[in-house]
>>> print(open('entry_5.cif').read())   # mmCIF, C-alpha atoms
data_upload
#
loop_
_atom_site.group_PDB
_atom_site.id
_atom_site.type_symbol
_atom_site.label_atom_id
_atom_site.label_comp_id
_atom_site.auth_asym_id
_atom_site.auth_seq_id
_atom_site.Cartn_x
_atom_site.Cartn_y
_atom_site.Cartn_z
ATOM 1 C CA MET A 1 81.778 109.207 129.787
ATOM 2 C CA ALA A 2 82.357 112.966 129.732
ATOM 3 C CA SER A 3 80.301 113.538 132.861
ATOM 4 C CA LEU A 4 82.119 110.686 134.615
ATOM 5 C CA LEU A 5 85.464 112.292 133.788
ATOM 6 C CA GLU A 6 84.185 115.649 135.050
ATOM 7 C CA ASN A 7 83.073 113.943 138.273
ATOM 8 C CA LEU A 8 86.494 112.303 138.652
ATOM 9 C CA ILE A 9 88.335 115.584 138.074
ATOM 10 C CA ASP A 10 86.015 117.309 140.543
ATOM 11 C CA VAL A 11 86.503 114.649 143.231
ATOM 12 C CA LEU A 12 90.282 114.695 142.780
ATOM 13 C CA GLY A 13 90.240 118.493 143.069
ATOM 14 C CA HIS A 14 88.298 118.275 146.335
ATOM 15 C CA GLU A 15 90.666 115.613 147.614
ATOM 16 C CA ASN A 16 93.599 117.881 146.831
ATOM 17 C CA THR A 17 91.962 120.708 148.783
ATOM 18 C CA GLU A 18 91.460 118.431 151.805
ATOM 19 C CA TYR A 19 95.025 117.126 151.631
ATOM 20 C CA GLU A 20 96.286 120.719 151.454
ATOM 21 C CA ALA A 21 94.328 121.452 154.636
ATOM 22 C CA LEU A 22 95.938 118.416 156.273
ATOM 23 C CA GLN A 23 99.351 119.612 155.143
ATOM 24 C CA GLU A 24 98.744 123.033 156.708
ATOM 25 C CA LEU A 25 97.780 121.331 159.972
ATOM 26 C CA ALA A 26 100.960 119.235 159.809
ATOM 27 C CA ASP A 27 102.991 122.455 159.532
ATOM 28 C CA LYS A 28 101.176 123.930 162.537
ATOM 29 C CA LYS A 29 101.720 120.682 164.392
ATOM 30 C CA THR A 30 105.483 121.034 163.911
ATOM 31 C CA THR A 31 105.461 124.342 165.780
ATOM 32 C CA PHE A 32 103.392 122.928 168.638
ATOM 33 C CA ILE A 33 105.567 119.827 168.911
ATOM 34 C CA ILE A 34 108.654 121.998 169.226
ATOM 35 C CA LYS A 35 106.959 124.151 171.871
ATOM 36 C CA GLY A 36 105.571 121.097 173.665
ATOM 37 C CA ASP A 37 102.066 122.588 173.452
ATOM 38 C CA ILE A 38 99.925 119.513 174.115
ATOM 39 C CA LYS A 39 96.656 121.453 174.270
ATOM 40 C CA ASN A 40 97.000 122.792 170.726
ATOM 41 C CA LEU A 41 98.314 119.443 169.467
ATOM 42 C CA ASP A 42 95.107 117.881 170.744
ATOM 43 C CA LYS A 43 93.016 120.486 168.898
ATOM 44 C CA ILE A 44 94.930 119.871 165.680
ATOM 45 C CA THR A 45 94.422 116.123 166.024
ATOM 46 C CA GLU A 46 90.676 116.667 166.324
ATOM 47 C CA GLU A 47 90.712 118.893 163.221
ATOM 48 C CA GLU A 48 92.712 116.238 161.354
ATOM 49 C CA GLN A 49 90.113 113.601 162.211
ATOM 50 C CA VAL A 50 87.359 115.740 160.692
ATOM 51 C CA ILE A 51 89.366 116.246 157.496
ATOM 52 C CA VAL A 52 90.265 112.555 157.282
ATOM 53 C CA GLY A 53 86.553 111.740 157.535
ATOM 54 C CA ARG A 54 85.858 113.994 154.556
ATOM 55 C CA ILE A 55 88.761 112.464 152.612
ATOM 56 C CA ASN A 56 87.392 108.978 153.255
ATOM 57 C CA LYS A 57 84.021 110.027 151.796
ATOM 58 C CA LEU A 58 85.772 111.529 148.763
ATOM 59 C CA GLU A 59 87.823 108.345 148.329
ATOM 60 C CA LYS A 60 84.621 106.299 148.265
ATOM 61 C CA THR A 61 83.132 108.647 145.683
ATOM 62 C CA ARG A 62 86.325 108.493 143.602
ATOM 63 C CA ARG A 63 86.266 104.701 143.769
ATOM 64 C CA ASP A 64 82.614 104.635 142.641
ATOM 65 C CA VAL A 65 83.374 106.961 139.711
ATOM 66 C CA LEU A 66 86.347 104.818 138.686
ATOM 67 C CA VAL A 67 84.144 101.713 138.787
ATOM 68 C CA SER A 68 81.677 103.439 136.453
ATOM 69 C CA ILE A 69 84.462 104.565 134.118
ATOM 70 C CA ALA A 70 85.921 101.044 134.094
ATOM 71 C CA ASP A 71 82.514 99.674 133.103
ATOM 72 C CA VAL A 72 82.206 102.172 130.238
ATOM 73 C CA VAL A 73 85.687 101.467 128.849
ATOM 74 C CA ASN A 74 85.363 97.738 129.545
ATOM 75 C CA ARG A 75 88.392 97.548 131.857
ATOM 76 C CA ASP A 76 89.010 95.958 135.236
ATOM 77 C CA VAL A 77 88.766 98.667 137.885
ATOM 78 C CA GLU A 78 91.733 97.149 139.759
ATOM 79 C CA THR A 79 94.036 97.693 136.786
ATOM 80 C CA LEU A 80 92.584 101.051 135.730
ATOM 81 C CA LYS A 81 94.983 103.651 137.120
ATOM 82 C CA LEU A 82 94.949 107.401 136.529
ATOM 83 C CA LYS A 83 97.982 107.233 134.243
ATOM 84 C CA ASN A 84 96.197 104.605 132.114
ATOM 85 C CA LEU A 85 93.083 106.751 132.001
ATOM 86 C CA ILE A 86 95.149 109.786 130.987
ATOM 87 C CA GLN A 87 96.658 107.794 128.111
ATOM 88 C CA MET A 88 93.196 106.679 127.022
ATOM 89 C CA LEU A 89 92.078 110.318 126.759
ATOM 90 C CA GLU A 90 94.357 111.186 123.821
ATOM 91 C CA LYS A 91 91.311 112.046 121.695
ATOM 92 C CA ARG A 92 89.990 114.366 124.424
ATOM 93 C CA PRO A 93 92.923 116.731 125.050
ATOM 94 C CA ASP A 94 90.948 119.173 127.229
ATOM 95 C CA GLN A 95 89.845 116.518 129.698
ATOM 96 C CA GLN A 96 93.238 114.865 129.483
ATOM 97 C CA ALA A 97 94.949 118.148 130.417
ATOM 98 C CA GLN A 98 92.537 118.723 133.308
ATOM 99 C CA LEU A 99 93.090 115.227 134.644
ATOM 100 C CA VAL A 100 96.884 115.572 134.327
ATOM 101 C CA GLU A 101 96.802 118.902 136.141
ATOM 102 C CA VAL A 102 94.701 117.695 139.073
ATOM 103 C CA GLN A 103 96.703 114.462 139.338
ATOM 104 C CA GLU A 104 100.006 116.391 139.464
ATOM 105 C CA LYS A 105 98.666 118.828 142.068
ATOM 106 C CA LEU A 106 97.457 115.947 144.206
ATOM 107 C CA SER A 107 100.809 114.155 143.912
ATOM 108 C CA VAL A 108 102.745 117.261 144.967
ATOM 109 C CA THR A 109 100.404 117.936 147.889
ATOM 110 C CA ILE A 110 100.608 114.362 149.147
ATOM 111 C CA GLN A 111 104.410 114.380 148.863
ATOM 112 C CA ARG A 112 104.643 117.616 150.898
ATOM 113 C CA MET A 113 102.278 116.180 153.480
ATOM 114 C CA LYS A 114 104.369 112.994 153.752
ATOM 115 C CA GLU A 115 107.527 115.061 154.294
ATOM 116 C CA ALA A 116 105.858 117.138 157.026
ATOM 117 C CA ASN A 117 104.596 113.967 158.722
ATOM 118 C CA VAL A 118 108.069 112.390 158.664
ATOM 119 C CA LYS A 119 109.528 115.554 160.201
ATOM 120 C CA ASN A 120 106.826 115.583 162.900
ATOM 121 C CA GLN A 121 107.378 111.903 163.618
ATOM 122 C CA MET A 122 111.099 112.520 164.107
ATOM 123 C CA LEU A 123 110.384 115.461 166.415
ATOM 124 C CA LEU A 124 107.971 113.355 168.464
ATOM 125 C CA GLU A 125 110.485 110.529 168.728
ATOM 126 C CA ASP A 126 113.125 113.012 169.915
ATOM 127 C CA ALA A 127 110.689 114.431 172.452
ATOM 128 C CA LEU A 128 109.899 110.927 173.742
ATOM 129 C CA GLU A 129 113.602 110.157 174.044
ATOM 130 C CA MET A 130 114.075 113.345 176.044
ATOM 131 C CA VAL A 131 111.181 112.455 178.351
ATOM 132 C CA GLY A 132 112.670 108.983 178.853
ATOM 133 C CA PHE A 133 116.068 110.487 179.586
ATOM 134 C CA ASN A 134 114.566 112.897 182.119
ATOM 135 C CA LEU A 135 112.646 110.078 183.807
ATOM 136 C CA ASN A 136 115.802 108.006 184.072
ATOM 137 C CA MET A 137 117.671 110.960 185.537
ATOM 138 C CA LEU A 138 114.946 111.517 188.121
ATOM 139 C CA ARG A 139 114.950 107.834 189.042
ATOM 140 C CA ALA A 140 118.733 107.865 189.341
ATOM 141 C CA LEU A 141 118.620 110.909 191.591
ATOM 142 C CA LYS A 142 115.980 109.311 193.823
ATOM 143 C CA SER A 143 117.943 106.126 194.200
ATOM 144 C CA ALA A 144 121.371 107.716 194.438
ATOM 145 C CA PRO A 145 123.484 105.888 196.958
ATOM 146 C CA GLN A 146 124.166 107.488 200.279
ATOM 147 C CA THR A 147 127.873 107.681 200.823
ATOM 148 C CA ALA A 148 129.826 108.227 204.018
ATOM 149 C CA ASP A 149 127.577 109.537 206.750
ATOM 150 C CA TYR A 150 125.466 111.734 204.547
ATOM 151 C CA THR A 151 122.134 111.291 202.805
ATOM 152 C CA LYS A 152 121.657 112.342 199.221
ATOM 153 C CA ASN A 153 120.564 115.736 200.597
ATOM 154 C CA ALA A 154 123.972 116.105 202.316
ATOM 155 C CA TYR A 155 122.646 115.753 205.857
ATOM 156 C CA ASN A 156 124.547 113.766 208.430
ATOM 157 C CA THR A 157 122.815 110.484 209.182
ATOM 158 C CA GLY A 158 124.180 110.329 212.670
ATOM 159 C CA ASN A 159 125.940 107.045 211.954
ATOM 160 C CA VAL A 160 129.568 107.290 212.774
ATOM 161 C CA LEU A 161 131.689 104.250 212.014
ATOM 162 C CA GLY A 162 128.793 101.874 212.263
ATOM 163 C CA ILE A 163 127.453 103.119 215.574
ATOM 164 C CA ILE A 164 123.691 103.220 215.391
ATOM 165 C CA HIS A 165 121.765 104.954 218.125
ATOM 166 C CA GLY A 166 124.581 104.696 220.563
ATOM 167 C CA GLY A 167 125.196 100.980 219.952
ATOM 168 C CA PHE A 168 127.618 98.980 217.917
ATOM 169 C CA ASP A 169 126.519 97.534 214.583
ATOM 170 C CA ALA A 170 127.710 93.967 214.595
ATOM 171 C CA LYS A 171 126.808 93.476 210.929
ATOM 172 C CA GLN A 172 129.700 95.653 209.772
#
>>> encode(input="entry_5.cif", output="structure tokens")
Amino acid sequence: MASLLENLIDVLGHENTEYEALQELADKKTTFIIKGDIKNLDKITEEEQVIVGRINKLEKTRRDVLVSIADVVNRDVETLKLKNLIQMLEKRPDQQAQLVEVQEKLSVTIQRMKEANVKNQMLLEDALEMVGFNLNMLRALKSAPQTADYTKNAYNTGNVLGIIHGGFDAKQ
């Protein structure tokens, strides 16, 4: 059981390190979103994918370790949560303290990452709204009505009181 707990603490520590790296990328992403730097946003997205791949492997390892721990303590792995495991380690205060520490670090890191992602999402939504607004403005300018005898570029169309090419426009 002791080696399983050490493995769990180790995996959670590695997960925390990877989530911290993701959180740093989220902070960088904020700057690039504000600047509208698509090239660097693309690079960050690629880096995030690599980190997420490593996190997925660590999650699988963590799940496997928890399954082994659940077998040893004769518990259902679906109901065995870290807080339950921490409570069960009352007779092993050193491992309990290590598990509490890594769990708290991981919780704080994930919370910071969530906050950065929410901020980035809001910035992206604002940027999309601005792009939509600009597109609508451009469309409106292109289809602006021509008033009087002038085009939207303020040139005279040559039409004076319905006379087109020297003739009378019967439609008016």
>>> closest_residue(input="entry_5.cif", among="A:Thr109, A:Asp94, A:Val100, A:Ala127", to="Lys35 of chain A", atoms="only C-alpha atoms")
A:Ala127
>>> resolve_selection(input="entry_5.cif", expression="the PyMOL selection byres ((chain A and resi 58) around 12)", output="list in words")
Asn7, Leu8, Ile9, Asp10, Val11, Leu12, Gly13, His14, Glu15, Asn16, Thr17, Glu18, Tyr19, Ile51, Val52, Gly53, Arg54, Ile55, Asn56, Lys57, Glu59, Lys60, Thr61, Arg62, Arg63, Asp64 and Val65 of chain A
>>> write_last_selection(input="entry_5.cif", atoms="C-alpha atoms", output="PDB file, in the coordinates of the input")
ATOM      1  CA  ASN A   7      83.073 113.943 138.273  1.00  0.00           C
ATOM      2  CA  LEU A   8      86.494 112.303 138.652  1.00  0.00           C
ATOM      3  CA  ILE A   9      88.335 115.584 138.074  1.00  0.00           C
ATOM      4  CA  ASP A  10      86.015 117.309 140.543  1.00  0.00           C
ATOM      5  CA  VAL A  11      86.503 114.649 143.231  1.00  0.00           C
ATOM      6  CA  LEU A  12      90.282 114.695 142.780  1.00  0.00           C
ATOM      7  CA  GLY A  13      90.240 118.493 143.069  1.00  0.00           C
ATOM      8  CA  HIS A  14      88.298 118.275 146.335  1.00  0.00           C
ATOM      9  CA  GLU A  15      90.666 115.613 147.614  1.00  0.00           C
ATOM     10  CA  ASN A  16      93.599 117.881 146.831  1.00  0.00           C
ATOM     11  CA  THR A  17      91.962 120.708 148.783  1.00  0.00           C
ATOM     12  CA  GLU A  18      91.460 118.431 151.805  1.00  0.00           C
ATOM     13  CA  TYR A  19      95.025 117.126 151.631  1.00  0.00           C
ATOM     14  CA  ILE A  51      89.366 116.246 157.496  1.00  0.00           C
ATOM     15  CA  VAL A  52      90.265 112.555 157.282  1.00  0.00           C
ATOM     16  CA  GLY A  53      86.553 111.740 157.535  1.00  0.00           C
ATOM     17  CA  ARG A  54      85.858 113.994 154.556  1.00  0.00           C
ATOM     18  CA  ILE A  55      88.761 112.464 152.612  1.00  0.00           C
ATOM     19  CA  ASN A  56      87.392 108.978 153.255  1.00  0.00           C
ATOM     20  CA  LYS A  57      84.021 110.027 151.796  1.00  0.00           C
ATOM     21  CA  GLU A  59      87.823 108.345 148.329  1.00  0.00           C
ATOM     22  CA  LYS A  60      84.621 106.299 148.265  1.00  0.00           C
ATOM     23  CA  THR A  61      83.132 108.647 145.683  1.00  0.00           C
ATOM     24  CA  ARG A  62      86.325 108.493 143.602  1.00  0.00           C
ATOM     25  CA  ARG A  63      86.266 104.701 143.769  1.00  0.00           C
ATOM     26  CA  ASP A  64      82.614 104.635 142.641  1.00  0.00           C
ATOM     27  CA  VAL A  65      83.374 106.961 139.711  1.00  0.00           C
TER      28      VAL A  65
END
>>> resolve_selection(input="entry_5.cif", expression="the PyMOL selection byres ((chain A and resi 33) around 12)", output="PyMOL selection string")
chain A and resi 25-32+34-42+44+117+119-128
>>> residues_around(input="entry_5.cif", residues="Glu78 of chain A", least_positions_apart="6", cutoff="10 Å", atoms="only C-alpha atoms", output="PyMOL selection string")
chain A and resi 66-67+70
>>> closest_residue(input="entry_5.cif", among="A:Asn84, A:Ser107, A:Gln98, A:Gln49", to="Ile69 of chain A", atoms="only C-alpha atoms")
A:Asn84
>>> closest_residue(input="entry_5.cif", among="A:Val72, A:Glu20, A:Ala2, A:Leu141", to="Gln96 of chain A", atoms="only C-alpha atoms")
A:Ala2
